[in-house]
>>> print(open('final.cif').read())   # mmCIF, C-alpha atoms and all ligand atoms
data_work
loop_
_atom_site.label_atom_id
_atom_site.label_comp_id
_atom_site.auth_asym_id
_atom_site.auth_seq_id
_atom_site.Cartn_x
_atom_site.Cartn_y
_atom_site.Cartn_z
CA MET A 1450 195.73 -90.82 174.60
CA ILE A 1451 199.14 -89.82 175.86
CA MET A 1452 199.82 -93.26 177.33
CA LYS A 1453 199.62 -94.97 173.98
CA GLU A 1454 202.05 -92.58 172.41
CA ASN A 1455 204.54 -93.11 175.21
CA ASN A 1456 204.27 -96.86 175.15
CA LEU A 1457 205.48 -96.87 171.58
CA GLN A 1458 208.75 -95.26 172.54
CA VAL A 1459 210.09 -98.45 174.05
CA GLU A 1460 209.36 -101.94 172.84
CA ALA A 1461 206.49 -103.68 174.62
CA ILE A 1462 207.26 -106.45 177.09
CA LYS A 1463 205.27 -109.61 177.55
CA ASN A 1464 205.54 -110.02 181.32
CA GLY A 1465 207.08 -107.77 183.91
CA THR A 1466 206.97 -104.26 185.25
CA VAL A 1467 207.03 -100.88 183.58
CA LEU A 1468 208.13 -97.93 185.68
CA ASP A 1469 207.03 -94.83 183.85
CA HIS A 1470 206.99 -91.08 184.47
CA ILE A 1471 210.22 -91.12 186.41
CA PRO A 1472 211.70 -87.61 186.45
CA ALA A 1473 214.63 -87.32 184.04
CA ASN A 1474 217.98 -88.15 185.68
CA MET A 1475 216.29 -90.29 188.33
CA GLY A 1476 216.36 -93.44 186.22
CA PHE A 1477 219.76 -94.54 187.49
CA ASN A 1478 218.76 -93.98 191.11
CA VAL A 1479 215.76 -96.16 190.53
CA MET A 1480 217.97 -98.83 188.94
CA ARG A 1481 220.10 -98.82 192.08
CA LEU A 1482 217.08 -98.78 194.35
CA PHE A 1483 215.78 -102.00 192.86
CA GLN A 1484 219.25 -103.52 192.45
CA LEU A 1485 218.52 -103.90 188.77
CA HIS A 1486 222.19 -104.12 187.89
CA LYS A 1487 222.19 -107.52 189.62
CA THR A 1488 219.40 -109.16 187.71
CA ASN A 1489 219.79 -111.38 184.68
CA GLN A 1490 216.44 -110.32 183.32
CA ARG A 1491 216.21 -108.10 180.29
CA ILE A 1492 215.86 -104.45 181.20
CA THR A 1493 215.08 -101.62 178.84
CA ILE A 1494 215.84 -98.10 179.95
CA GLY A 1495 214.64 -94.98 178.25
CA LEU A 1496 216.27 -91.76 179.36
CA ASN A 1497 215.10 -88.27 178.57
CA LEU A 1498 212.05 -89.42 176.68
CA PRO A 1499 209.57 -86.73 175.75
CA SER A 1500 206.66 -86.46 178.17
CA SER A 1501 203.73 -84.12 177.97
CA ALA A 1502 203.43 -84.06 181.78
CA LEU A 1503 207.10 -83.76 182.74
CA GLY A 1504 208.80 -82.37 179.66
CA VAL A 1505 211.31 -85.20 179.74
CA LYS A 1506 211.17 -88.40 181.71
CA ASP A 1507 212.93 -91.68 182.31
CA LEU A 1508 211.28 -95.04 181.87
CA ILE A 1509 212.35 -98.55 182.89
CA LYS A 1510 210.96 -101.84 181.68
CA ILE A 1511 211.88 -104.98 183.56
CA GLU A 1512 211.00 -108.33 182.11
CA ASN A 1513 209.69 -111.14 184.33
CA LEU A 1514 210.12 -109.20 187.57
CA TYR A 1515 207.36 -107.72 189.66
CA ILE A 1516 207.84 -105.21 192.41
CA ASN A 1517 205.69 -105.25 195.50
CA GLU A 1518 203.86 -102.40 197.15
CA GLU A 1519 206.62 -101.78 199.67
CA GLN A 1520 209.12 -101.39 196.85
CA ALA A 1521 206.71 -99.10 195.03
CA ASN A 1522 206.63 -96.92 198.11
CA HIS A 1523 210.41 -96.70 198.08
CA LEU A 1524 210.15 -95.58 194.49
CA ALA A 1525 207.93 -92.74 195.72
CA LEU A 1526 210.98 -91.30 197.51
CA TYR A 1527 212.57 -90.59 194.13
CA ALA A 1528 209.60 -90.29 191.87
CA PRO A 1529 206.35 -89.59 193.74
CA ASN A 1530 204.42 -89.30 190.48
CA ALA A 1531 205.86 -92.34 188.78
CA THR A 1532 203.54 -95.04 187.54
CA VAL A 1533 204.13 -98.73 188.14
CA ASN A 1534 202.37 -101.01 185.69
CA GLN A 1535 202.45 -104.76 185.97
CA ILE A 1536 202.28 -106.46 182.63
CA GLU A 1537 201.04 -109.93 181.86
CA ASN A 1538 200.80 -111.17 178.32
CA TYR A 1539 201.33 -107.62 177.00
CA GLN A 1540 198.40 -106.28 179.03
CA VAL A 1541 198.51 -103.97 182.03
CA VAL A 1542 196.98 -106.12 184.77
CA ALA A 1543 197.68 -103.85 187.74
CA LYS A 1544 198.81 -100.35 188.53
CA LEU A 1545 200.52 -100.11 191.89
CA PRO A 1546 199.68 -97.06 193.98
CA LEU A 1547 202.67 -95.09 195.22
CA SER A 1548 202.67 -93.67 198.69
CA LEU A 1549 205.64 -92.57 200.71
CA PRO A 1550 206.92 -95.14 203.19
CA GLN A 1551 206.73 -94.12 206.85
CA ASN A 1552 210.08 -95.68 207.63
CA VAL A 1553 213.05 -96.77 205.57
CA LEU A 1554 215.33 -99.43 207.03
CA GLY A 1555 218.81 -100.41 205.95
CA MET A 1556 218.79 -98.57 202.64
CA PHE A 1557 220.58 -95.32 203.33
CA HIS A 1558 223.62 -94.15 205.23
CA CYS A 1559 223.09 -91.65 208.01
CA PRO A 1560 224.89 -88.48 206.85
CA ASN A 1561 225.88 -87.77 210.45
CA THR A 1562 229.36 -89.30 210.79
CA ASN A 1563 228.98 -89.40 214.58
CA CYS A 1564 225.86 -91.50 214.35
CA ILE A 1565 226.01 -94.91 216.07
CA THR A 1566 224.99 -96.60 212.82
CA HIS A 1567 228.50 -95.89 211.49
CA ASP A 1568 230.26 -97.60 214.39
CA GLU A 1569 227.95 -100.49 215.01
CA LYS A 1570 227.79 -102.45 211.80
CA ALA A 1571 225.05 -104.57 213.31
CA VAL A 1572 222.78 -101.56 213.67
CA GLU A 1573 220.59 -101.19 210.62
CA SER A 1574 219.97 -97.61 209.57
CA HIS A 1575 216.43 -96.50 210.27
CA PHE A 1576 214.87 -93.27 209.07
CA LYS A 1577 211.44 -91.89 209.61
CA ILE A 1578 210.14 -90.14 206.50
CA ILE A 1579 208.77 -86.66 207.04
CA GLN A 1580 207.02 -84.83 204.26
CA LYS A 1581 206.72 -81.06 204.35
CA CYS A 1582 204.90 -79.78 201.30
CA GLU A 1583 206.92 -80.99 198.32
CA ASN A 1584 210.03 -81.73 200.36
CA ILE A 1585 210.90 -85.08 201.84
CA HIS A 1586 213.08 -85.29 204.92
CA PHE A 1587 214.68 -88.23 206.67
CA LYS A 1588 214.88 -88.37 210.45
CA CYS A 1589 217.43 -90.80 211.85
CA LYS A 1590 216.01 -93.01 214.59
CA TYR A 1591 219.38 -93.14 216.36
CA CYS A 1592 220.88 -89.65 216.25
CA GLU A 1593 217.49 -87.99 215.69
CA LYS A 1594 218.91 -85.56 213.15
CA VAL A 1595 216.81 -84.56 210.16
CA PHE A 1596 218.25 -84.60 206.64
CA SER A 1597 216.94 -83.50 203.29
CA LYS A 1598 216.53 -86.16 200.64
CA GLU A 1599 219.39 -84.70 198.61
CA THR A 1600 221.95 -85.41 201.34
CA MET A 1601 221.03 -89.08 201.64
CA THR A 1602 223.31 -91.69 200.10
CA HIS A 1603 222.55 -95.30 199.40
CA HIS A 1604 224.27 -98.22 200.98
CA GLN A 1605 226.57 -99.75 198.42
CA ALA A 1606 225.34 -103.18 197.51
ZN ZN B 1701 221.97 -91.05 212.49
#
>>> encode(input="final.cif", output="structure tokens")
Amino acid sequence: MIMKENNLQVEAIKNGTVLDHIPANMGFNVMRLFQLHKTNQRITIGLNLPSSALGVKDLIKIENLYINEEQANHLALYAPNATVNQIENYQVVAKLPLSLPQNVLGMFHCPNTNCITHDEKAVESHFKIIQKCENIHFKCKYCEKVFSKETMTHHQA
């Protein structure tokens, strides 16, 4: 099995979450997405690991932290084919399904500098997610402009 081979590339964890099959170079975006730079838990990152499905991939292991389904859906924005395994006592106890969120609130800046969300700090950014074939677009609730995923930037934490 391919899975077994991959699991040996990074040391096993006892309890926590393994985010696998992240496209190479997306690992740091995922770190930021889950605010992993702020945790005190042990995190193991594998970058550019060999993958039979992707060629190369990134992988993140987070000890003692579990992500919920909503967070898994946010992950789908960056890595729609990623796998999220929850580990307890070295065993995979759950695999979270990834599906794109319908709306994303407060996570991204609106690229439109005239958008009200830039002036009114109290207004939380709100994008509707639109998927067209392989491409993901963000539609701002306030200025109603549509942006490609590549133009979106994260709020700085
Ligand atoms: Zn906007």
>>> residues_around(input="final.cif", residues="Gly1495 in chain A", least_positions_apart="4", cutoff="7 Å", atoms="only C-alpha atoms", output="ChimeraX atom specification")
/A:1507-1509
>>> closest_atom_pairs(input="final.cif", of="chain A", to="ligand ZN 1701 (chain B)", cutoff="10 Å", atoms="all atoms listed in the file", output="Markdown table")
| residue | atom | partner | partner_atom | distance |
| --- | --- | --- | --- | --- |
| A:His1558 | CA | B:ZN1701 | ZN | 8.1 |
| A:Cys1559 | CA | B:ZN1701 | ZN | 4.7 |
| A:Pro1560 | CA | B:ZN1701 | ZN | 6.9 |
| A:Asn1561 | CA | B:ZN1701 | ZN | 5.5 |
| A:Thr1562 | CA | B:ZN1701 | ZN | 7.8 |
| A:Asn1563 | CA | B:ZN1701 | ZN | 7.5 |
| A:Cys1564 | CA | B:ZN1701 | ZN | 4.3 |
| A:Ile1565 | CA | B:ZN1701 | ZN | 6.6 |
| A:Thr1566 | CA | B:ZN1701 | ZN | 6.3 |
| A:His1567 | CA | B:ZN1701 | ZN | 8.2 |
| A:Ser1574 | CA | B:ZN1701 | ZN | 7.5 |
| A:His1575 | CA | B:ZN1701 | ZN | 8.1 |
| A:Phe1576 | CA | B:ZN1701 | ZN | 8.2 |
| A:Phe1587 | CA | B:ZN1701 | ZN | 9.7 |
| A:Lys1588 | CA | B:ZN1701 | ZN | 7.8 |
| A:Cys1589 | CA | B:ZN1701 | ZN | 4.6 |
| A:Lys1590 | CA | B:ZN1701 | ZN | 6.6 |
| A:Tyr1591 | CA | B:ZN1701 | ZN | 5.1 |
| A:Cys1592 | CA | B:ZN1701 | ZN | 4.2 |
| A:Glu1593 | CA | B:ZN1701 | ZN | 6.3 |
| A:Lys1594 | CA | B:ZN1701 | ZN | 6.3 |
| A:Val1595 | CA | B:ZN1701 | ZN | 8.6 |
| A:Phe1596 | CA | B:ZN1701 | ZN | 9.5 |
>>> residues_around(input="final.cif", residues="Asp1469 in chain A", least_positions_apart="4", cutoff="10 Å", atoms="all atoms listed in the file", output="PyMOL selection string")
chain A and resi 1452+1455-1456+1476+1495+1506-1510+1528+1530-1534
>>> atom_distance(input="final.cif", atom1="CA of Ala1571 in chain A", atom2="CA of Leu1554 in chain A")
12.7 Å
>>> closest_residue(input="final.cif", among="A:Leu1524, A:Val1541, A:Ile1578, A:Leu1482", to="Met1556 in chain A", atoms="only C-alpha atoms")
A:Leu1482
>>> residues_near_point(input="final.cif", point="(204.1, -95.4, 192.9)", cutoff="9 Å", atoms="all atoms listed in the file", output="CSV table (one decimal) with C-alpha atoms, in the coordinates of the input")
chain,number,residue,atom,x,y,z
A,1468,LEU,CA,208.1,-97.9,185.7
A,1518,GLU,CA,203.9,-102.4,197.2
A,1520,GLN,CA,209.1,-101.4,196.8
A,1521,ALA,CA,206.7,-99.1,195.0
A,1522,ASN,CA,206.6,-96.9,198.1
A,1523,HIS,CA,210.4,-96.7,198.1
A,1524,LEU,CA,210.2,-95.6,194.5
A,1525,ALA,CA,207.9,-92.7,195.7
A,1528,ALA,CA,209.6,-90.3,191.9
A,1529,PRO,CA,206.4,-89.6,193.7
A,1530,ASN,CA,204.4,-89.3,190.5
A,1531,ALA,CA,205.9,-92.3,188.8
A,1532,THR,CA,203.5,-95.0,187.5
A,1533,VAL,CA,204.1,-98.7,188.1
A,1544,LYS,CA,198.8,-100.4,188.5
A,1545,LEU,CA,200.5,-100.1,191.9
A,1546,PRO,CA,199.7,-97.1,194.0
A,1547,LEU,CA,202.7,-95.1,195.2
A,1548,SER,CA,202.7,-93.7,198.7
A,1549,LEU,CA,205.6,-92.6,200.7
>>> closest_residue(input="final.cif", among="A:Pro1550, A:Ala1543, A:Leu1526, A:Asn1489", to="Ser1597 in chain A", atoms="all atoms listed in the file")
A:Leu1526
